[in-house]
Protein chains: 2
Amino acid sequence: MTARRISDSALRRLSHYLRFLESFEVEGRATISSGDLAARGGMTSAQVRKDLSLFGSFGKRGLGYPVPELRARLAAILGVGRRWDVALAGAGKLGAALYAYDGFRRRGFHVAAVFDVDPRKIGRRWGQLEVEDVAGLGPSVRAKGVEIGIVVTPAEAAQEVADAMVAAGITAILNFAPRKLVVSDGVTLRDVNLAIELEALCFALTHEGWEIGR
Amino acid sequence: MTARRISDSALRRLSHYLRFLESFEVEGRATISSGDLAARGGMTSAQVRKDLSLFGSFGKRGLGYPVPELRARLAAILGVGRRWDVALAGAGKLGAALYAYDGFRRRGFHVAAVFDVDPRKIGRRWGQLEVEDVAGLGPSVRAKGVEIGIVVTPAEAAQEVADAMVAAGITAILNFAPRKLVVSDGVTLRDVNLAIELEALCFALTHEGWEIGR
């Protein structure tokens, strides 16, 4: 480990490298160059080498990277390849979609609890789970050892739910509610604002010829 | 207009500035400084000034920015504040969640068509819409003047659907399918990979003390 800071975009690229390496492995490639990785993602090979160098040295100059080793090291760096228990707050449509989202399960993310405030939703079965009253979030999250919280409540309820998660010991929160949450230092918060993704498309449609870079 | 390129992160920040300005306007603030904007988003005021300067000059040195004007100019820059017709390919759980997603409607995104390949889903009513056969995507998208496509199909089907969208004249695609799509030059593609958002949380949980920057 040679650095203590990583940019959000570098971190996203690491996730992409991991996916490319998984494909290379399926294709039976034994070694790849930084250029091979770069080509898959539309990056430069200098960028790939720089991103990887944040975490020490990989591969041998001129020989490329051994695919299975680099894949395993990247998985370890990202902290994937183990099971992570997730709590979902908000049993609405987006919550249901995330619960069923195959991409989560394949990466080891396991929804261990679902919470809602609506008496009509509480008690409903979601697969092996039962929707729980959000009032009991703290004890349930502690009992289940949940480490990651996903907030899919309406905007008005999001801060209160995030506070309850943090009070219950959760230190990593993914927020889909369209509002800015405040969390204490030591808690990692990521926002997924779907409208902002669409706005970037509007920008591109409105500004023909502009390039949107990484 | 003084630039022809904007970084993805600067573009996201513009979307956030717009949201902050909307709040300031609701709060009845007449003018704000770059520092006020920066404080809301955890950015620096130099960053705010730099981002805005991409699009000419705003405000007067020492007087700050007039809130309603800056809000209107940012909305115009982003291309929001008008209605955008969107086609949704994939009438599954995530498609349904996006269809119902309030954040889209509030921003003027209007789902004008929903497509699926599954005969059990085709013909079902979604509010004012009927789920259409994806085989008819081209004529339907053209007839409705759809400009933005959202891909929420399984990974295997995503490329074919994106190709059909592009063939129908769509030049802006938001892809939720967990695979890399190839589109021709002139088409703007954005990927929302929900597992990658969670992986960034895993990284933070695995690397205590590391800072993930913007």
# chains A, B, ... in the order shown; residues from 1 in each chain; ligands from 1
call {"tool": "interface_residues", "arguments": {"of": "chain B", "to": "chain A", "cutoff": "6 Å", "atoms": "only C-alpha atoms", "output": "ChimeraX atom specification"}}
result
/B:4-8,78-79,93-94,97,103-104,172,195,201-203,206,210-214
call {"tool": "residues_around", "arguments": {"residues": "Lys60 (chain A)", "least_positions_apart": "2", "cutoff": "12 Å", "atoms": "only C-alpha atoms", "output": "JSON, numbers by chain"}}
result
{"A": [31, 32, 33, 34, 49, 57, 58, 62, 63, 64, 65, 66, 70]}
call {"tool": "calpha_fit_and_write", "arguments": {"fixed": "chain A", "moving": "chain B", "output": "compact mmCIF listing (two decimals) with C-alpha atoms, in the first residue's frame"}}
result
# COMPACT_ATOMS: atom_id res chain seq x y z
CA MET B 1 -0.03 0.03 0.01
CA THR B 2 1.60 3.23 -1.12
CA ALA B 3 -1.21 5.78 -0.95
CA ARG B 4 -3.97 6.77 1.45
CA ARG B 5 -6.24 8.49 -1.00
CA ILE B 6 -7.93 7.37 -4.18
CA SER B 7 -10.11 9.39 -6.49
CA ASP B 8 -13.63 8.28 -7.05
CA SER B 9 -12.94 7.82 -10.76
CA ALA B 10 -9.82 5.70 -10.11
CA LEU B 11 -11.87 3.52 -7.77
CA ARG B 12 -14.52 3.03 -10.45
CA ARG B 13 -11.81 2.11 -12.92
CA LEU B 14 -10.50 -0.58 -10.54
CA SER B 15 -13.99 -2.10 -10.51
CA HIS B 16 -13.95 -2.08 -14.30
CA TYR B 17 -10.46 -3.64 -14.47
CA LEU B 18 -11.74 -6.45 -12.27
CA ARG B 19 -14.60 -7.08 -14.71
CA PHE B 20 -12.25 -7.02 -17.70
CA LEU B 21 -9.90 -9.46 -15.97
CA GLU B 22 -12.80 -11.79 -15.28
CA SER B 23 -13.61 -11.78 -19.02
CA PHE B 24 -9.96 -12.33 -19.95
CA GLU B 25 -9.87 -15.28 -17.57
CA VAL B 26 -13.02 -16.76 -19.12
CA GLU B 27 -11.37 -16.30 -22.52
CA GLY B 28 -8.40 -18.32 -21.24
CA ARG B 29 -5.79 -15.53 -21.45
CA ALA B 30 -2.80 -16.20 -19.17
CA THR B 31 -1.22 -12.74 -19.25
CA ILE B 32 -2.36 -9.33 -20.43
CA SER B 33 -0.71 -5.95 -20.86
CA SER B 34 -1.86 -2.64 -19.42
CA GLY B 35 -2.73 -1.83 -23.04
CA ASP B 36 -5.13 -4.80 -23.21
CA LEU B 37 -6.89 -3.60 -20.08
CA ALA B 38 -6.95 -0.05 -21.34
CA ALA B 39 -8.42 -1.08 -24.70
CA ARG B 40 -11.43 -2.74 -23.06
CA GLY B 41 -12.33 0.36 -21.13
CA GLY B 42 -11.34 3.15 -23.47
CA MET B 43 -8.58 4.28 -21.09
CA THR B 44 -4.87 4.76 -21.72
CA SER B 45 -2.31 2.19 -20.63
CA ALA B 46 -0.51 4.91 -18.64
CA GLN B 47 -3.77 5.40 -16.70
CA VAL B 48 -4.06 1.68 -16.00
CA ARG B 49 -0.47 1.50 -14.73
CA LYS B 50 -0.96 4.58 -12.58
CA ASP B 51 -4.18 3.25 -11.03
CA LEU B 52 -2.61 -0.11 -10.21
CA SER B 53 0.56 1.48 -8.85
CA LEU B 54 -1.51 2.95 -6.02
CA PHE B 55 -1.47 -0.55 -4.57
CA GLY B 56 2.13 -1.60 -5.09
CA SER B 57 3.73 -3.31 -8.05
CA PHE B 58 2.02 -5.76 -10.33
CA GLY B 59 3.43 -7.86 -13.15
CA LYS B 60 6.88 -7.61 -14.69
CA ARG B 61 7.92 -4.93 -17.16
CA GLY B 62 7.56 -6.36 -20.66
CA LEU B 63 5.86 -9.56 -19.49
CA GLY B 64 2.45 -8.13 -18.67
CA TYR B 65 0.19 -9.10 -15.81
CA PRO B 66 -0.70 -12.71 -14.97
CA VAL B 67 -4.50 -12.69 -15.30
CA PRO B 68 -5.64 -14.87 -12.37
CA GLU B 69 -3.24 -13.23 -9.89
CA LEU B 70 -4.16 -9.69 -10.90
CA ARG B 71 -7.85 -10.60 -10.76
CA ALA B 72 -7.44 -12.02 -7.25
CA ARG B 73 -5.41 -9.03 -6.05
CA LEU B 74 -7.92 -6.56 -7.46
CA ALA B 75 -10.79 -8.43 -5.83
CA ALA B 76 -8.90 -8.29 -2.53
CA ILE B 77 -8.16 -4.57 -2.97
CA LEU B 78 -11.82 -3.83 -3.64
CA GLY B 79 -12.88 -6.04 -0.77
CA VAL B 80 -15.14 -8.18 -2.94
CA GLY B 81 -15.05 -11.97 -3.11
CA ARG B 82 -16.57 -12.32 0.31
CA ARG B 83 -20.17 -11.99 1.45
CA TRP B 84 -21.39 -8.57 2.57
CA ASP B 85 -24.66 -8.27 4.46
CA VAL B 86 -26.79 -5.35 3.38
CA ALA B 87 -29.85 -3.70 4.94
CA LEU B 88 -32.36 -2.10 2.63
CA ALA B 89 -34.46 0.74 4.05
CA GLY B 90 -37.53 1.32 1.89
CA ALA B 91 -39.68 -1.53 0.61
CA GLY B 92 -40.98 0.36 -2.42
CA LYS B 93 -40.48 -0.30 -6.12
CA LEU B 94 -36.82 0.71 -6.19
CA GLY B 95 -36.13 -1.34 -3.06
CA ALA B 96 -37.78 -4.36 -4.68
CA ALA B 97 -35.74 -3.86 -7.85
CA LEU B 98 -32.50 -3.69 -5.86
CA TYR B 99 -33.50 -6.72 -3.80
CA ALA B 100 -33.95 -8.69 -7.03
CA TYR B 101 -30.90 -7.15 -8.75
CA ASP B 102 -28.79 -10.01 -9.98
CA GLY B 103 -25.63 -7.91 -10.18
CA PHE B 104 -25.61 -7.56 -6.38
CA ARG B 105 -25.99 -11.23 -5.64
CA ARG B 106 -23.27 -12.20 -8.12
CA ARG B 107 -20.88 -9.85 -6.29
CA GLY B 108 -21.61 -11.31 -2.89
CA PHE B 109 -24.01 -8.63 -1.67
CA HIS B 110 -26.69 -10.29 0.39
CA VAL B 111 -29.79 -8.40 1.50
CA ALA B 112 -30.14 -9.50 5.11
CA ALA B 113 -32.96 -7.14 6.14
CA VAL B 114 -35.61 -4.90 4.58
CA PHE B 115 -37.29 -2.11 6.51
CA ASP B 116 -40.28 0.12 5.91
CA VAL B 117 -42.49 2.47 7.88
CA ASP B 118 -45.74 1.51 6.12
CA PRO B 119 -47.87 -0.93 8.18
CA ARG B 120 -49.21 -2.40 4.92
CA LYS B 121 -45.69 -3.39 3.91
CA ILE B 122 -44.36 -4.51 7.29
CA GLY B 123 -44.67 -8.28 7.67
CA ARG B 124 -44.80 -8.99 3.93
CA ARG B 125 -42.53 -11.76 2.71
CA TRP B 126 -39.67 -10.86 0.34
CA GLY B 127 -38.20 -14.25 -0.56
CA GLN B 128 -36.63 -15.54 2.65
CA LEU B 129 -37.12 -12.20 4.40
CA GLU B 130 -39.98 -10.43 6.06
CA VAL B 131 -40.26 -6.65 5.74
CA GLU B 132 -39.48 -5.27 9.19
CA ASP B 133 -40.68 -2.14 10.98
CA VAL B 134 -38.03 0.55 10.54
CA ALA B 135 -38.53 1.34 14.24
CA GLY B 136 -36.64 -1.88 14.97
CA LEU B 137 -33.78 -1.17 12.56
CA GLY B 138 -31.13 -0.76 15.25
CA PRO B 139 -31.53 -4.09 17.07
CA SER B 140 -32.11 -5.99 13.81
CA VAL B 141 -29.01 -4.58 12.08
CA ARG B 142 -26.90 -5.35 15.13
CA ALA B 143 -28.28 -8.88 15.49
CA LYS B 144 -27.66 -9.65 11.82
CA GLY B 145 -24.22 -8.02 11.69
CA VAL B 146 -25.20 -5.85 8.73
CA GLU B 147 -22.31 -3.70 7.48
CA ILE B 148 -23.81 -1.84 4.50
CA GLY B 149 -27.03 0.18 4.40
CA ILE B 150 -28.97 1.13 1.29
CA VAL B 151 -31.41 4.05 1.61
CA VAL B 152 -34.31 3.88 -0.85
CA THR B 153 -36.85 5.86 1.16
CA PRO B 154 -38.58 9.04 -0.01
CA ALA B 155 -36.39 12.14 0.35
CA GLU B 156 -38.11 13.28 3.55
CA ALA B 157 -37.34 10.08 5.45
CA ALA B 158 -33.79 9.52 4.25
CA GLN B 159 -31.82 11.44 6.89
CA GLU B 160 -33.64 9.85 9.81
CA VAL B 161 -33.08 6.37 8.38
CA ALA B 162 -29.39 7.09 7.73
CA ASP B 163 -29.05 8.32 11.33
CA ALA B 164 -30.61 5.10 12.59
CA MET B 165 -28.24 3.07 10.42
CA VAL B 166 -25.19 4.92 11.72
CA ALA B 167 -26.42 4.61 15.31
CA ALA B 168 -26.68 0.85 14.70
CA GLY B 169 -23.02 0.71 13.68
CA ILE B 170 -23.34 0.80 9.88
CA THR B 171 -20.38 2.70 8.40
CA ALA B 172 -21.12 2.41 4.68
CA ILE B 173 -24.29 3.81 3.11
CA LEU B 174 -25.52 3.89 -0.47
CA ASN B 175 -28.19 6.57 -0.83
CA PHE B 176 -30.76 6.57 -3.63
CA ALA B 177 -33.03 9.18 -2.03
CA PRO B 178 -32.83 12.47 -3.95
CA ARG B 179 -31.40 14.54 -1.11
CA LYS B 180 -28.04 15.25 0.42
CA LEU B 181 -27.46 13.29 3.62
CA VAL B 182 -25.19 14.28 6.47
CA VAL B 183 -23.19 11.53 8.14
CA SER B 184 -20.46 11.64 10.75
CA ASP B 185 -16.77 11.27 9.94
CA GLY B 186 -15.81 7.67 9.52
CA VAL B 187 -19.03 6.83 7.66
CA THR B 188 -18.70 6.39 3.90
CA LEU B 189 -21.67 7.72 1.99
CA ARG B 190 -22.27 7.31 -1.73
CA ASP B 191 -25.14 8.88 -3.58
CA VAL B 192 -26.77 7.38 -6.62
CA ASN B 193 -28.80 10.16 -8.13
CA LEU B 194 -30.52 8.74 -11.15
CA ALA B 195 -31.81 12.12 -12.35
CA ILE B 196 -28.22 13.42 -12.45
CA GLU B 197 -27.26 10.57 -14.79
CA LEU B 198 -30.07 11.61 -17.12
CA GLU B 199 -29.05 15.27 -16.85
CA ALA B 200 -25.63 14.38 -18.23
CA LEU B 201 -27.43 12.96 -21.26
CA CYS B 202 -29.47 16.16 -21.61
CA PHE B 203 -26.25 18.15 -21.52
CA ALA B 204 -24.86 16.00 -24.34
CA LEU B 205 -28.07 16.38 -26.36
CA THR B 206 -28.03 20.14 -25.79
CA HIS B 207 -24.32 20.63 -26.52
CA GLU B 208 -23.60 18.74 -29.68
CA GLY B 209 -19.88 18.30 -30.22
CA TRP B 210 -18.93 18.63 -26.58
CA GLU B 211 -16.94 15.80 -25.17
CA ILE B 212 -17.77 14.49 -21.70
CA GLY B 213 -14.53 13.07 -20.29
CA ARG B 214 -13.66 10.72 -17.49
call {"tool": "select_by_dssp", "arguments": {"residues": "chain B", "states": "alpha helix (DSSP H)", "output": "MDAnalysis selection string"}}
result
chainID B and resid 8:26 34:41 45:53 67:78 93:100 102:106 137:144 155:167 194:206
call {"tool": "write_last_selection", "arguments": {"atoms": "C-alpha atoms", "output": "mmCIF file, in the first residue's frame"}}
result
data_model
loop_
_atom_site.group_PDB
_atom_site.id
_atom_site.type_symbol
_atom_site.label_atom_id
_atom_site.label_comp_id
_atom_site.auth_asym_id
_atom_site.auth_seq_id
_atom_site.Cartn_x
_atom_site.Cartn_y
_atom_site.Cartn_z
ATOM 1 C CA ASP B 8 -17.763 13.794 -15.976
ATOM 2 C CA SER B 9 -17.208 14.962 -12.405
ATOM 3 C CA ALA B 10 -17.562 18.653 -13.355
ATOM 4 C CA LEU B 11 -20.820 17.815 -15.116
ATOM 5 C CA ARG B 12 -22.122 16.060 -12.001
ATOM 6 C CA ARG B 13 -21.144 19.081 -9.935
ATOM 7 C CA LEU B 14 -23.177 21.355 -12.242
ATOM 8 C CA SER B 15 -26.212 19.164 -11.553
ATOM 9 C CA HIS B 16 -25.549 19.550 -7.841
ATOM 10 C CA TYR B 17 -25.113 23.336 -8.099
ATOM 11 C CA LEU B 18 -28.507 23.492 -9.792
ATOM 12 C CA ARG B 19 -30.065 21.610 -6.871
ATOM 13 C CA PHE B 20 -28.355 23.867 -4.322
ATOM 14 C CA LEU B 21 -29.549 26.961 -6.185
ATOM 15 C CA GLU B 22 -33.088 25.634 -6.163
ATOM 16 C CA SER B 23 -32.870 25.289 -2.363
ATOM 17 C CA PHE B 24 -31.366 28.767 -1.993
ATOM 18 C CA GLU B 25 -34.223 30.142 -4.073
ATOM 19 C CA VAL B 26 -36.799 28.373 -1.893
ATOM 20 C CA SER B 34 -19.166 30.602 -4.745
ATOM 21 C CA GLY B 35 -18.316 29.790 -1.125
ATOM 22 C CA ASP B 36 -22.012 29.291 -0.286
ATOM 23 C CA LEU B 37 -22.388 26.883 -3.187
ATOM 24 C CA ALA B 38 -19.180 25.113 -2.265
ATOM 25 C CA ALA B 39 -20.242 24.709 1.367
ATOM 26 C CA ARG B 40 -23.426 22.858 0.407
ATOM 27 C CA GLY B 41 -21.553 20.307 -1.630
ATOM 28 C CA SER B 45 -15.082 27.845 -3.932
ATOM 29 C CA ALA B 46 -12.201 27.782 -6.441
ATOM 30 C CA GLN B 47 -13.722 24.579 -7.851
ATOM 31 C CA VAL B 48 -17.146 26.189 -8.148
ATOM 32 C CA ARG B 49 -15.722 29.217 -9.970
ATOM 33 C CA LYS B 50 -13.694 27.003 -12.281
ATOM 34 C CA ASP B 51 -16.680 24.803 -13.159
ATOM 35 C CA LEU B 52 -18.900 27.799 -13.902
ATOM 36 C CA SER B 53 -16.189 29.553 -15.905
ATOM 37 C CA VAL B 67 -29.712 33.158 -7.425
ATOM 38 C CA PRO B 68 -32.621 33.046 -9.910
ATOM 39 C CA GLU B 69 -30.435 34.009 -12.892
ATOM 40 C CA LEU B 70 -27.712 31.497 -12.086
ATOM 41 C CA ARG B 71 -30.348 28.804 -11.531
ATOM 42 C CA ALA B 72 -31.923 29.564 -14.908
ATOM 43 C CA ARG B 73 -28.568 29.639 -16.699
ATOM 44 C CA LEU B 74 -27.480 26.351 -15.130
ATOM 45 C CA ALA B 75 -30.776 24.726 -16.089
ATOM 46 C CA ALA B 76 -30.254 25.954 -19.653
ATOM 47 C CA ILE B 77 -26.646 24.704 -19.691
ATOM 48 C CA LEU B 78 -27.729 21.269 -18.497
ATOM 49 C CA LYS B 93 -38.605 -4.719 -11.679
ATOM 50 C CA LEU B 94 -35.907 -2.119 -12.303
ATOM 51 C CA GLY B 95 -37.820 -0.770 -15.308
ATOM 52 C CA ALA B 96 -40.949 -0.457 -13.163
ATOM 53 C CA ALA B 97 -38.989 1.319 -10.435
ATOM 54 C CA LEU B 98 -37.554 3.802 -12.933
ATOM 55 C CA TYR B 99 -40.964 4.323 -14.508
ATOM 56 C CA ALA B 100 -42.341 5.256 -11.081
ATOM 57 C CA ASP B 102 -40.411 10.611 -8.910
ATOM 58 C CA GLY B 103 -37.013 12.232 -9.429
ATOM 59 C CA PHE B 104 -37.327 11.708 -13.197
ATOM 60 C CA ARG B 105 -40.765 13.216 -13.521
ATOM 61 C CA ARG B 106 -39.824 16.258 -11.439
ATOM 62 C CA LEU B 137 -39.064 -0.311 -31.047
ATOM 63 C CA GLY B 138 -37.838 1.483 -34.164
ATOM 64 C CA PRO B 139 -41.169 2.682 -35.573
ATOM 65 C CA SER B 140 -42.546 3.477 -32.102
ATOM 66 C CA VAL B 141 -39.515 5.547 -31.042
ATOM 67 C CA ARG B 142 -39.612 7.461 -34.317
ATOM 68 C CA ALA B 143 -43.365 8.073 -34.114
ATOM 69 C CA LYS B 144 -43.114 9.339 -30.541
ATOM 70 C CA ALA B 155 -27.035 -8.266 -19.859
ATOM 71 C CA GLU B 156 -27.445 -10.621 -22.834
ATOM 72 C CA ALA B 157 -30.095 -8.491 -24.529
ATOM 73 C CA ALA B 158 -28.612 -5.065 -23.879
ATOM 74 C CA GLN B 159 -26.424 -4.630 -26.967
ATOM 75 C CA GLU B 160 -29.170 -5.630 -29.387
ATOM 76 C CA VAL B 161 -31.610 -3.220 -27.754
ATOM 77 C CA ALA B 162 -29.055 -0.393 -27.787
ATOM 78 C CA ASP B 163 -28.426 -1.070 -31.493
ATOM 79 C CA ALA B 164 -32.155 -0.856 -32.178
ATOM 80 C CA MET B 165 -32.346 2.416 -30.251
ATOM 81 C CA VAL B 166 -29.462 3.934 -32.201
ATOM 82 C CA ALA B 167 -30.928 2.705 -35.490
ATOM 83 C CA LEU B 194 -25.118 -0.440 -9.216
ATOM 84 C CA ALA B 195 -22.687 -3.166 -8.138
ATOM 85 C CA ILE B 196 -19.778 -0.778 -8.749
ATOM 86 C CA GLU B 197 -21.345 1.730 -6.349
ATOM 87 C CA LEU B 198 -21.474 -0.980 -3.696
ATOM 88 C CA GLU B 199 -17.892 -2.032 -4.469
ATOM 89 C CA ALA B 200 -16.716 1.472 -3.594
ATOM 90 C CA LEU B 201 -18.322 0.959 -0.189
ATOM 91 C CA CYS B 202 -16.561 -2.397 0.186
ATOM 92 C CA PHE B 203 -13.279 -0.693 -0.611
ATOM 93 C CA ALA B 204 -13.954 1.857 2.125
ATOM 94 C CA LEU B 205 -14.904 -0.877 4.604
ATOM 95 C CA THR B 206 -11.775 -2.840 3.688
#
